[in-house]
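J.: Here you go, query-v9.pdb (PDB, C-alpha atoms and all ligand atoms):
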ATOM      1  CA  MET A  30     184.504 100.618 108.682  1.00  0.00           C
ATOM      2  CA  LYS A  31     183.061 101.535 105.295  1.00  0.00           C
ATOM      3  CA  ILE A  32     184.909 103.846 102.959  1.00  0.00           C
ATOM      4  CA  LEU A  33     183.718 105.494  99.777  1.00  0.00           C
ATOM      5  CA  ALA A  34     186.761 106.383  97.676  1.00  0.00           C
ATOM      6  CA  VAL A  35     186.428 108.671  94.654  1.00  0.00           C
ATOM      7  CA  SER A  36     188.872 109.770  91.988  1.00  0.00           C
ATOM      8  CA  ASP A  37     189.345 111.411  88.597  1.00  0.00           C
ATOM      9  CA  GLN A  38     185.800 111.320  87.269  1.00  0.00           C
ATOM     10  CA  VAL A  39     182.525 112.817  88.465  1.00  0.00           C
ATOM     11  CA  ILE A  40     179.919 110.064  88.710  1.00  0.00           C
ATOM     12  CA  ASP A  41     176.323 111.153  88.198  1.00  0.00           C
ATOM     13  CA  SER A  42     174.969 108.634  90.690  1.00  0.00           C
ATOM     14  CA  LEU A  43     177.202 110.165  93.391  1.00  0.00           C
ATOM     15  CA  TYR A  44     176.668 113.798  92.391  1.00  0.00           C
ATOM     16  CA  ASN A  45     173.041 113.329  93.212  1.00  0.00           C
ATOM     17  CA  PRO A  46     170.888 113.628  96.364  1.00  0.00           C
ATOM     18  CA  ALA A  47     170.309 109.856  96.101  1.00  0.00           C
ATOM     19  CA  ILE A  48     173.834 109.428  97.508  1.00  0.00           C
ATOM     20  CA  GLN A  49     172.325 110.164 100.912  1.00  0.00           C
ATOM     21  CA  HIS A  50     170.309 106.964 100.660  1.00  0.00           C
ATOM     22  CA  ASN A  51     172.631 104.776  98.595  1.00  0.00           C
ATOM     23  CA  PHE A  52     175.760 105.513 100.652  1.00  0.00           C
ATOM     24  CA  ARG A  53     174.232 106.189 104.067  1.00  0.00           C
ATOM     25  CA  ASP A  54     176.401 103.448 105.630  1.00  0.00           C
ATOM     26  CA  VAL A  55     179.674 105.154 104.630  1.00  0.00           C
ATOM     27  CA  ASP A  56     181.895 106.178 107.570  1.00  0.00           C
ATOM     28  CA  LEU A  57     184.615 108.011 105.655  1.00  0.00           C
ATOM     29  CA  VAL A  58     185.062 109.447 102.152  1.00  0.00           C
ATOM     30  CA  ILE A  59     188.496 109.554 100.531  1.00  0.00           C
ATOM     31  CA  GLY A  60     189.269 111.624  97.412  1.00  0.00           C
ATOM     32  CA  CYS A  61     192.324 110.579  95.403  1.00  0.00           C
ATOM     33  CA  GLY A  62     192.469 113.717  93.266  1.00  0.00           C
ATOM     34  CA  ASP A  63     191.509 115.208  89.906  1.00  0.00           C
ATOM     35  CA  LEU A  64     187.964 115.947  90.980  1.00  0.00           C
ATOM     36  CA  PRO A  65     186.176 119.317  91.020  1.00  0.00           C
ATOM     37  CA  TYR A  66     186.123 120.557  94.613  1.00  0.00           C
ATOM     38  CA  THR A  67     182.411 121.297  94.200  1.00  0.00           C
ATOM     39  CA  TYR A  68     181.938 117.523  93.869  1.00  0.00           C
ATOM     40  CA  LEU A  69     183.750 116.820  97.150  1.00  0.00           C
ATOM     41  CA  GLU A  70     181.890 119.701  98.807  1.00  0.00           C
ATOM     42  CA  PHE A  71     178.576 118.260  97.615  1.00  0.00           C
ATOM     43  CA  ILE A  72     179.446 114.848  99.050  1.00  0.00           C
ATOM     44  CA  VAL A  73     180.533 116.229 102.433  1.00  0.00           C
ATOM     45  CA  SER A  74     177.413 118.365 102.672  1.00  0.00           C
ATOM     46  CA  ILE A  75     175.093 115.410 102.057  1.00  0.00           C
ATOM     47  CA  LEU A  76     176.781 112.443 103.751  1.00  0.00           C
ATOM     48  CA  SER A  77     177.371 112.504 107.479  1.00  0.00           C
ATOM     49  CA  ALA A  78     180.968 111.378 106.947  1.00  0.00           C
ATOM     50  CA  PRO A  79     184.239 113.317 106.852  1.00  0.00           C
ATOM     51  CA  VAL A  80     185.874 113.797 103.432  1.00  0.00           C
ATOM     52  CA  ILE A  81     189.659 113.739 103.209  1.00  0.00           C
ATOM     53  CA  TYR A  82     191.565 114.151  99.968  1.00  0.00           C
ATOM     54  CA  VAL A  83     194.834 114.793  98.173  1.00  0.00           C
ATOM     55  CA  PRO A  84     195.132 117.036  95.094  1.00  0.00           C
ATOM     56  CA  GLY A  85     195.764 115.630  91.633  1.00  0.00           C
ATOM     57  CA  ASN A  86     197.554 117.147  88.676  1.00  0.00           C
ATOM     58  CA  HIS A  87     194.320 118.705  87.389  1.00  0.00           C
ATOM     59  CA  ASP A  88     193.529 120.366  90.730  1.00  0.00           C
ATOM     60  CA  PRO A  89     194.547 123.903  91.710  1.00  0.00           C
ATOM     61  CA  GLN A  90     197.770 124.562  93.597  1.00  0.00           C
ATOM     62  CA  TYR A  91     197.034 124.738  97.308  1.00  0.00           C
ATOM     63  CA  ASN A  92     197.040 128.307  98.593  1.00  0.00           C
ATOM     64  CA  PRO A  93     195.541 129.036 102.016  1.00  0.00           C
ATOM     65  CA  ASP A  94     194.558 132.535 100.804  1.00  0.00           C
ATOM     66  CA  ASN A  95     192.625 131.257  97.803  1.00  0.00           C
ATOM     67  CA  SER A  96     189.340 129.544  98.654  1.00  0.00           C
ATOM     68  CA  ALA A  97     189.147 128.128  95.116  1.00  0.00           C
ATOM     69  CA  SER A  98     192.167 125.973  95.940  1.00  0.00           C
ATOM     70  CA  ILE A  99     190.484 124.364  98.950  1.00  0.00           C
ATOM     71  CA  ALA A 100     187.561 121.939  99.122  1.00  0.00           C
ATOM     72  CA  GLU A 101     185.372 123.609 101.754  1.00  0.00           C
ATOM     73  CA  GLY A 102     184.499 121.352 104.678  1.00  0.00           C
ATOM     74  CA  CYS A 103     186.948 118.668 103.526  1.00  0.00           C
ATOM     75  CA  THR A 104     190.493 117.967 104.739  1.00  0.00           C
ATOM     76  CA  ASN A 105     193.501 118.116 102.424  1.00  0.00           C
ATOM     77  CA  ILE A 106     196.023 115.596 103.816  1.00  0.00           C
ATOM     78  CA  ASP A 107     198.835 116.192 101.317  1.00  0.00           C
ATOM     79  CA  LEU A 108     202.082 115.287 103.172  1.00  0.00           C
ATOM     80  CA  LYS A 109     200.172 114.957 106.434  1.00  0.00           C
ATOM     81  CA  LEU A 110     199.438 112.148 108.863  1.00  0.00           C
ATOM     82  CA  VAL A 111     195.931 112.351 110.343  1.00  0.00           C
ATOM     83  CA  ARG A 112     193.455 110.332 112.379  1.00  0.00           C
ATOM     84  CA  ALA A 113     189.922 109.948 111.086  1.00  0.00           C
ATOM     85  CA  ARG A 114     187.212 107.573 112.316  1.00  0.00           C
ATOM     86  CA  GLY A 115     189.810 105.596 114.253  1.00  0.00           C
ATOM     87  CA  LEU A 116     192.098 105.126 111.245  1.00  0.00           C
ATOM     88  CA  THR A 117     195.549 106.584 110.664  1.00  0.00           C
ATOM     89  CA  LEU A 118     195.867 108.054 107.177  1.00  0.00           C
ATOM     90  CA  ALA A 119     198.674 109.775 105.308  1.00  0.00           C
ATOM     91  CA  GLY A 120     198.560 111.584 101.976  1.00  0.00           C
ATOM     92  CA  ALA A 121     200.755 112.475  99.012  1.00  0.00           C
ATOM     93  CA  GLY A 122     199.125 114.219  96.067  1.00  0.00           C
ATOM     94  CA  GLY A 123     200.336 115.008  92.566  1.00  0.00           C
ATOM     95  CA  SER A 124     201.528 113.140  89.501  1.00  0.00           C
ATOM     96  CA  ILE A 125     204.715 112.769  87.531  1.00  0.00           C
ATOM     97  CA  ARG A 126     205.754 115.987  85.762  1.00  0.00           C
ATOM     98  CA  TYR A 127     204.825 115.945  82.067  1.00  0.00           C
ATOM     99  CA  GLN A 128     204.302 119.683  81.476  1.00  0.00           C
ATOM    100  CA  PRO A 129     207.048 122.176  82.406  1.00  0.00           C
ATOM    101  CA  GLU A 130     204.636 124.503  84.245  1.00  0.00           C
ATOM    102  CA  GLY A 131     202.128 121.870  85.347  1.00  0.00           C
ATOM    103  CA  VAL A 132     200.555 122.289  88.782  1.00  0.00           C
ATOM    104  CA  ASN A 133     200.864 119.448  91.309  1.00  0.00           C
ATOM    105  CA  GLN A 134     203.314 117.726  88.958  1.00  0.00           C
ATOM    106  CA  TYR A 135     206.693 116.534  90.193  1.00  0.00           C
ATOM    107  CA  SER A 136     209.795 114.938  88.746  1.00  0.00           C
ATOM    108  CA  GLN A 137     210.926 111.699  90.355  1.00  0.00           C
ATOM    109  CA  PHE A 138     213.451 113.697  92.407  1.00  0.00           C
ATOM    110  CA  GLU A 139     210.924 116.373  93.419  1.00  0.00           C
ATOM    111  CA  MET A 140     208.564 113.670  94.674  1.00  0.00           C
ATOM    112  CA  PHE A 141     211.417 112.049  96.562  1.00  0.00           C
ATOM    113  CA  LEU A 142     212.054 115.391  98.314  1.00  0.00           C
ATOM    114  CA  ARG A 143     208.362 115.788  99.104  1.00  0.00           C
ATOM    115  CA  LEU A 144     208.199 112.324 100.619  1.00  0.00           C
ATOM    116  CA  THR A 145     211.191 113.073 102.851  1.00  0.00           C
ATOM    117  CA  ARG A 146     208.829 115.537 104.584  1.00  0.00           C
ATOM    118  CA  LEU A 147     206.213 112.826 105.134  1.00  0.00           C
ATOM    119  CA  ALA A 148     208.613 109.998 106.017  1.00  0.00           C
ATOM    120  CA  PRO A 149     209.556 111.238 109.529  1.00  0.00           C
ATOM    121  CA  ARG A 150     205.860 111.302 110.481  1.00  0.00           C
ATOM    122  CA  LEU A 151     205.410 107.777 109.188  1.00  0.00           C
ATOM    123  CA  ALA A 152     208.585 106.657 110.956  1.00  0.00           C
ATOM    124  CA  TRP A 153     207.405 108.107 114.264  1.00  0.00           C
ATOM    125  CA  HIS A 154     204.050 106.402 113.963  1.00  0.00           C
ATOM    126  CA  ARG A 155     205.259 103.105 112.554  1.00  0.00           C
ATOM    127  CA  LEU A 156     208.605 102.581 114.248  1.00  0.00           C
ATOM    128  CA  ILE A 157     208.382 104.512 117.548  1.00  0.00           C
ATOM    129  CA  LYS A 158     204.688 104.196 118.402  1.00  0.00           C
ATOM    130  CA  ARG A 159     204.594 100.833 116.615  1.00  0.00           C
ATOM    131  CA  GLU A 160     201.155 101.454 115.191  1.00  0.00           C
ATOM    132  CA  PRO A 161     200.079 100.753 111.621  1.00  0.00           C
ATOM    133  CA  VAL A 162     199.470 103.356 108.969  1.00  0.00           C
ATOM    134  CA  ASP A 163     196.044 102.205 107.814  1.00  0.00           C
ATOM    135  CA  VAL A 164     195.693 104.081 104.535  1.00  0.00           C
ATOM    136  CA  LEU A 165     198.158 105.972 102.373  1.00  0.00           C
ATOM    137  CA  VAL A 166     196.156 108.198 100.015  1.00  0.00           C
ATOM    138  CA  THR A 167     197.886 109.251  96.809  1.00  0.00           C
ATOM    139  CA  HIS A 168     196.946 110.530  93.387  1.00  0.00           C
ATOM    140  CA  SER A 169     199.620 108.695  91.409  1.00  0.00           C
ATOM    141  CA  PRO A 170     200.336 104.994  91.803  1.00  0.00           C
ATOM    142  CA  PRO A 171     203.824 103.774  92.731  1.00  0.00           C
ATOM    143  CA  PHE A 172     206.249 103.046  89.913  1.00  0.00           C
ATOM    144  CA  GLY A 173     205.567  99.710  88.253  1.00  0.00           C
ATOM    145  CA  ILE A 174     202.222  99.100  89.985  1.00  0.00           C
ATOM    146  CA  HIS A 175     199.068 100.171  88.134  1.00  0.00           C
ATOM    147  CA  ASP A 176     201.106 102.824  86.304  1.00  0.00           C
ATOM    148  CA  ASP A 177     201.754 103.238  82.606  1.00  0.00           C
ATOM    149  CA  ASP A 178     204.868 103.917  80.561  1.00  0.00           C
ATOM    150  CA  ASP A 179     203.662 107.108  78.876  1.00  0.00           C
ATOM    151  CA  PRO A 180     205.060 110.457  80.135  1.00  0.00           C
ATOM    152  CA  ALA A 181     201.933 111.436  82.089  1.00  0.00           C
ATOM    153  CA  HIS A 182     201.173 108.150  83.836  1.00  0.00           C
ATOM    154  CA  THR A 183     204.505 106.832  85.063  1.00  0.00           C
ATOM    155  CA  GLY A 184     204.358 106.107  88.783  1.00  0.00           C
ATOM    156  CA  PHE A 185     206.738 107.396  91.459  1.00  0.00           C
ATOM    157  CA  LYS A 186     209.780 105.327  92.427  1.00  0.00           C
ATOM    158  CA  SER A 187     210.083 107.064  95.806  1.00  0.00           C
ATOM    159  CA  LEU A 188     206.456 106.240  96.565  1.00  0.00           C
ATOM    160  CA  ARG A 189     207.155 102.590  95.932  1.00  0.00           C
ATOM    161  CA  ALA A 190     210.112 102.762  98.314  1.00  0.00           C
ATOM    162  CA  LEU A 191     207.979 104.516 100.935  1.00  0.00           C
ATOM    163  CA  VAL A 192     205.393 101.740 100.730  1.00  0.00           C
ATOM    164  CA  LYS A 193     208.089  99.106 101.006  1.00  0.00           C
ATOM    165  CA  ILE A 194     209.591 100.717 104.118  1.00  0.00           C
ATOM    166  CA  PHE A 195     206.460 101.693 106.057  1.00  0.00           C
ATOM    167  CA  ARG A 196     204.011  99.074 104.746  1.00  0.00           C
ATOM    168  CA  PRO A 197     200.696 100.907 105.065  1.00  0.00           C
ATOM    169  CA  ARG A 198     197.801  98.446 105.161  1.00  0.00           C
ATOM    170  CA  TYR A 199     196.226 100.079 102.124  1.00  0.00           C
ATOM    171  CA  LEU A 200     197.304 102.483  99.414  1.00  0.00           C
ATOM    172  CA  LEU A 201     194.467 104.146  97.511  1.00  0.00           C
ATOM    173  CA  HIS A 202     195.291 106.018  94.325  1.00  0.00           C
ATOM    174  CA  GLY A 203     193.768 107.319  91.108  1.00  0.00           C
ATOM    175  CA  HIS A 204     195.264 108.914  87.981  1.00  0.00           C
ATOM    176  CA  THR A 205     195.639 105.707  85.941  1.00  0.00           C
ATOM    177  CA  LEU A 206     193.776 102.675  84.654  1.00  0.00           C
ATOM    178  CA  PHE A 207     191.719 104.918  82.412  1.00  0.00           C
ATOM    179  CA  TYR A 208     193.999 103.819  79.627  1.00  0.00           C
ATOM    180  CA  LYS A 209     194.410 100.233  80.699  1.00  0.00           C
ATOM    181  CA  GLN A 210     190.902  99.640  81.956  1.00  0.00           C
ATOM    182  CA  ASN A 211     190.058  95.920  81.941  1.00  0.00           C
ATOM    183  CA  LEU A 212     193.656  95.049  81.147  1.00  0.00           C
ATOM    184  CA  VAL A 213     195.049  94.949  84.658  1.00  0.00           C
ATOM    185  CA  SER A 214     193.487  94.276  88.026  1.00  0.00           C
ATOM    186  CA  PRO A 215     192.711  97.411  90.055  1.00  0.00           C
ATOM    187  CA  GLU A 216     194.057  95.671  93.185  1.00  0.00           C
ATOM    188  CA  THR A 217     197.593  94.464  93.869  1.00  0.00           C
ATOM    189  CA  ASP A 218     199.245  93.133  97.019  1.00  0.00           C
ATOM    190  CA  TYR A 219     202.728  94.526  97.483  1.00  0.00           C
ATOM    191  CA  GLY A 220     204.730  93.523 100.565  1.00  0.00           C
ATOM    192  CA  GLY A 221     201.718  93.535 102.871  1.00  0.00           C
ATOM    193  CA  THR A 222     200.063  96.609 101.344  1.00  0.00           C
ATOM    194  CA  ARG A 223     196.823  96.296  99.413  1.00  0.00           C
ATOM    195  CA  ILE A 224     197.165  98.783  96.557  1.00  0.00           C
ATOM    196  CA  ILE A 225     193.801  99.795  95.098  1.00  0.00           C
ATOM    197  CA  ASN A 226     193.109 101.921  92.062  1.00  0.00           C
ATOM    198  CA  VAL A 227     190.014 103.904  92.960  1.00  0.00           C
ATOM    199  CA  TYR A 228     189.196 105.401  89.566  1.00  0.00           C
ATOM    200  CA  PRO A 229     186.372 106.384  89.342  1.00  0.00           C
ATOM    201  CA  PHE A 230     184.975 105.216  92.716  1.00  0.00           C
ATOM    202  CA  ARG A 231     185.159 102.233  95.037  1.00  0.00           C
ATOM    203  CA  ARG A 232     183.422 101.015  98.148  1.00  0.00           C
ATOM    204  CA  ILE A 233     186.055  99.595 100.480  1.00  0.00           C
ATOM    205  CA  GLU A 234     185.571  97.927 103.828  1.00  0.00           C
ATOM    206  CA  ILE A 235     188.496  98.124 106.249  1.00  0.00           C
ATOM    207  CA  GLU A 236     188.663  96.467 109.646  1.00  0.00           C
ATOM    208  CA  HIS A 237     190.323  98.447 112.407  1.00  0.00           C
ATOM    209  CA  ALA A 238     193.772  96.972 113.058  1.00  0.00           C
TER     210      ALA A 238
HETATM  211 ZN    ZN E   1     195.826 112.729  87.409  1.00  0.00          ZN
END
Turn the structure described in the file into structure tokens.
T.:
Amino acid sequence: MKILAVSDQVIDSLYNPAIQHNFRDVDLVIGCGDLPYTYLEFIVSILSAPVIYVPGNHDPQYNPDNSASIAEGCTNIDLKLVRARGLTLAGAGGSIRYQPEGVNQYSQFEMFLRLTRLAPRLAWHRLIKREPVDVLVTHSPPFGIHDDDDPAHTGFKSLRALVKIFRPRYLLHGHTLFYKQNLVSPETDYGGTRIINVYPFRRIEIEHA
């Protein structure tokens, strides 16, 4: 199962018809936010793979009546649990709030409330059906893992708790590392979850559980 994950920065070699050749083996594309929707739409139109994504803090606020807030042909999985290519994926977009009117920005408490909407779906899947959540897709990292201590790049404490409780096999995120590039590893194991910073893109191979 081959995944192309993209985040935060448009890469010329992907925003290019050559992607059809260079990434023809990709089964699923995952967007971790802060990307122009035209970029995701280009990728989904060229690769024969579904594109799922969560919005970042530089993306428009989701509004079903505004086509500019939706990546056409792609699936926004913010606070949803979905199946794609035989994997179970969940999503939680947005970053920590650092501007009073910022879009897709949340205080620690606001993110906690958002995740209480996702948690019952994870609990049903994980605890009742006893099946793994393969990939949790987020924009921000959890608090203390791949995050930073400046006001815009602090991770979410409630996200860290969610990971600890439901132990997805993978968590893919973006938003950070730009500032700490080469200083920390982009991959961390946390209680059975492989946490991967995608910025700006990663090829990831995942076995079906
Ligand atoms: Zn961001």
J.: Give me, as a ChimeraX atom specification, all polymer residues having an atom no more than 9 Å from region 160-173 of chain A, counting all atoms listed in the file and skipping those fewer than 3 positions away in the same chain.
T.: /A:36,59-63,82-86,106-107,110,116-125,151,154-157,176-178,182-190,192,195-205,224-226,235,237-238
J.: Write the residues of the selection above to a file with C-alpha atoms, as a compact mmCIF listing (two decimals), keeping the file's coordinate frame.
T.:
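again20.txt written:
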# COMPACT_ATOMS: atom_id res chain seq x y z
CA SER A 36 188.87 109.77 91.99
CA ILE A 59 188.50 109.55 100.53
CA GLY A 60 189.27 111.62 97.41
CA CYS A 61 192.32 110.58 95.40
CA GLY A 62 192.47 113.72 93.27
CA ASP A 63 191.51 115.21 89.91
CA TYR A 82 191.56 114.15 99.97
CA VAL A 83 194.83 114.79 98.17
CA PRO A 84 195.13 117.04 95.09
CA GLY A 85 195.76 115.63 91.63
CA ASN A 86 197.55 117.15 88.68
CA ILE A 106 196.02 115.60 103.82
CA ASP A 107 198.84 116.19 101.32
CA LEU A 110 199.44 112.15 108.86
CA LEU A 116 192.10 105.13 111.24
CA THR A 117 195.55 106.58 110.66
CA LEU A 118 195.87 108.05 107.18
CA ALA A 119 198.67 109.78 105.31
CA GLY A 120 198.56 111.58 101.98
CA ALA A 121 200.76 112.48 99.01
CA GLY A 122 199.12 114.22 96.07
CA GLY A 123 200.34 115.01 92.57
CA SER A 124 201.53 113.14 89.50
CA ILE A 125 204.72 112.77 87.53
CA LEU A 151 205.41 107.78 109.19
CA HIS A 154 204.05 106.40 113.96
CA ARG A 155 205.26 103.10 112.55
CA LEU A 156 208.60 102.58 114.25
CA ILE A 157 208.38 104.51 117.55
CA ASP A 176 201.11 102.82 86.30
CA ASP A 177 201.75 103.24 82.61
CA ASP A 178 204.87 103.92 80.56
CA HIS A 182 201.17 108.15 83.84
CA THR A 183 204.50 106.83 85.06
CA GLY A 184 204.36 106.11 88.78
CA PHE A 185 206.74 107.40 91.46
CA LYS A 186 209.78 105.33 92.43
CA SER A 187 210.08 107.06 95.81
CA LEU A 188 206.46 106.24 96.56
CA ARG A 189 207.16 102.59 95.93
CA ALA A 190 210.11 102.76 98.31
CA VAL A 192 205.39 101.74 100.73
CA PHE A 195 206.46 101.69 106.06
CA ARG A 196 204.01 99.07 104.75
CA PRO A 197 200.70 100.91 105.06
CA ARG A 198 197.80 98.45 105.16
CA TYR A 199 196.23 100.08 102.12
CA LEU A 200 197.30 102.48 99.41
CA LEU A 201 194.47 104.15 97.51
CA HIS A 202 195.29 106.02 94.32
CA GLY A 203 193.77 107.32 91.11
CA HIS A 204 195.26 108.91 87.98
CA THR A 205 195.64 105.71 85.94
CA ILE A 224 197.16 98.78 96.56
CA ILE A 225 193.80 99.80 95.10
CA ASN A 226 193.11 101.92 92.06
CA ILE A 235 188.50 98.12 106.25
CA HIS A 237 190.32 98.45 112.41
CA ALA A 238 193.77 96.97 113.06
J.: List the residues selected by the PyMOL selection byres (((chain A and resi 56-58) around 8) and not hetatm) in the file shown, writing them as a list in words.
T.: Met30, Lys31, Ile32, Leu33, Ala34, Val35, Asp54, Val55, Ile59, Gly60, Ser77, Ala78, Pro79, Val80, Ile81, Ala113 and Arg114 of chain A
J.: What is the distance between CA of Ser98 (chain A) and CA of Ile40 (chain A), in Å to one decimal?
T.: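 We find that CA of Ser98 (chain A) and CA of Ile40 (chain A) lie 21.3 Å from each other.
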J.: Just the number, please: distance in Å from CA of Pro149 (chain A) to CA of Ile194 (chain A), one decimal.
T.: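 Value for the CA of Pro149 (chain A)-CA of Ile194 (chain A) distance: 11.8 Å.
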J.: Out of A:Pro93, A:Gly131, A:Pro215, A:Gly220, which residue has the shortest atom-to-atom distance to ligand ZN 1 (chain E) when counting only C-alpha atoms and all ligand atoms?
T.: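 Ranking A:Pro93, A:Gly131, A:Pro215, A:Gly220 by distance to ligand ZN 1 (chain E), first place goes to A:Gly131.
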J.: Determine the nearest neighbour of Phe71 (chain A) from the options A:Asn51, A:Gln38, A:Asn45, A:Thr145, counting only C-alpha atoms.
T.: A:Asn45
J.: Could you check the closest approach to Tyr44 (chain A) for each of A:Ala181, A:Ile99, A:Phe230, A:Asn92 and tell me which residue wins, using all atoms listed in the file?
T.: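 Once distances to Tyr44 (chain A) are computed over all atoms listed in the file, the minimum belongs to A:Phe230.
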J.: Please measure the separation of CA of Glu139 (chain A) and CA of Leu64 (chain A), giving the value in Å to one decimal.
T.: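 Spanning CA of Glu139 (chain A) to CA of Leu64 (chain A) is a straight-line distance of 23.1 Å.
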J.: Which one of A:Pro46, A:Tyr219, A:Phe138, A:Gln128 sits closest to Ser74 (chain A) if you count only C-alpha atoms?
T.: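 Checking each of A:Pro46, A:Tyr219, A:Phe138, A:Gln128 against Ser74 (chain A), counting only C-alpha atoms, the winner is A:Pro46.
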J.: Which one is closest to Leu142 (chain A): A:Leu76, A:Arg112, A:Pro229, A:Leu191? Count only C-alpha atoms.
T.: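 Using only C-alpha atoms, Leu142 (chain A) sits closest to A:Leu191.
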J.: Where's the centre, and what are the edge lengths in Å to one decimal, of a box along x, y and z enclosing all listed atoms of region 117-135 of chain A padded 8 Å per side, as JSON?
T.:
{"center_x": 201.3, "center_y": 115.5, "center_z": 96.1, "size_x": 27.5, "size_y": 33.9, "size_z": 45.2}
J.: Written as a short mmCIF file (atom, residue, chain, number, x, y, z; two decimals) with C-alpha atoms, in the frame of the given file, what is the full residue list that the PyMOL selection byres (((chain A and resi 100) around 7) and not hetatm) yields on the file shown?
T.:
data_model
loop_
_atom_site.label_atom_id
_atom_site.label_comp_id
_atom_site.auth_asym_id
_atom_site.auth_seq_id
_atom_site.Cartn_x
_atom_site.Cartn_y
_atom_site.Cartn_z
CA TYR A 66 186.12 120.56 94.61
CA LEU A 69 183.75 116.82 97.15
CA GLU A 70 181.89 119.70 98.81
CA SER A 98 192.17 125.97 95.94
CA ILE A 99 190.48 124.36 98.95
CA GLU A 101 185.37 123.61 101.75
CA GLY A 102 184.50 121.35 104.68
CA CYS A 103 186.95 118.67 103.53
#
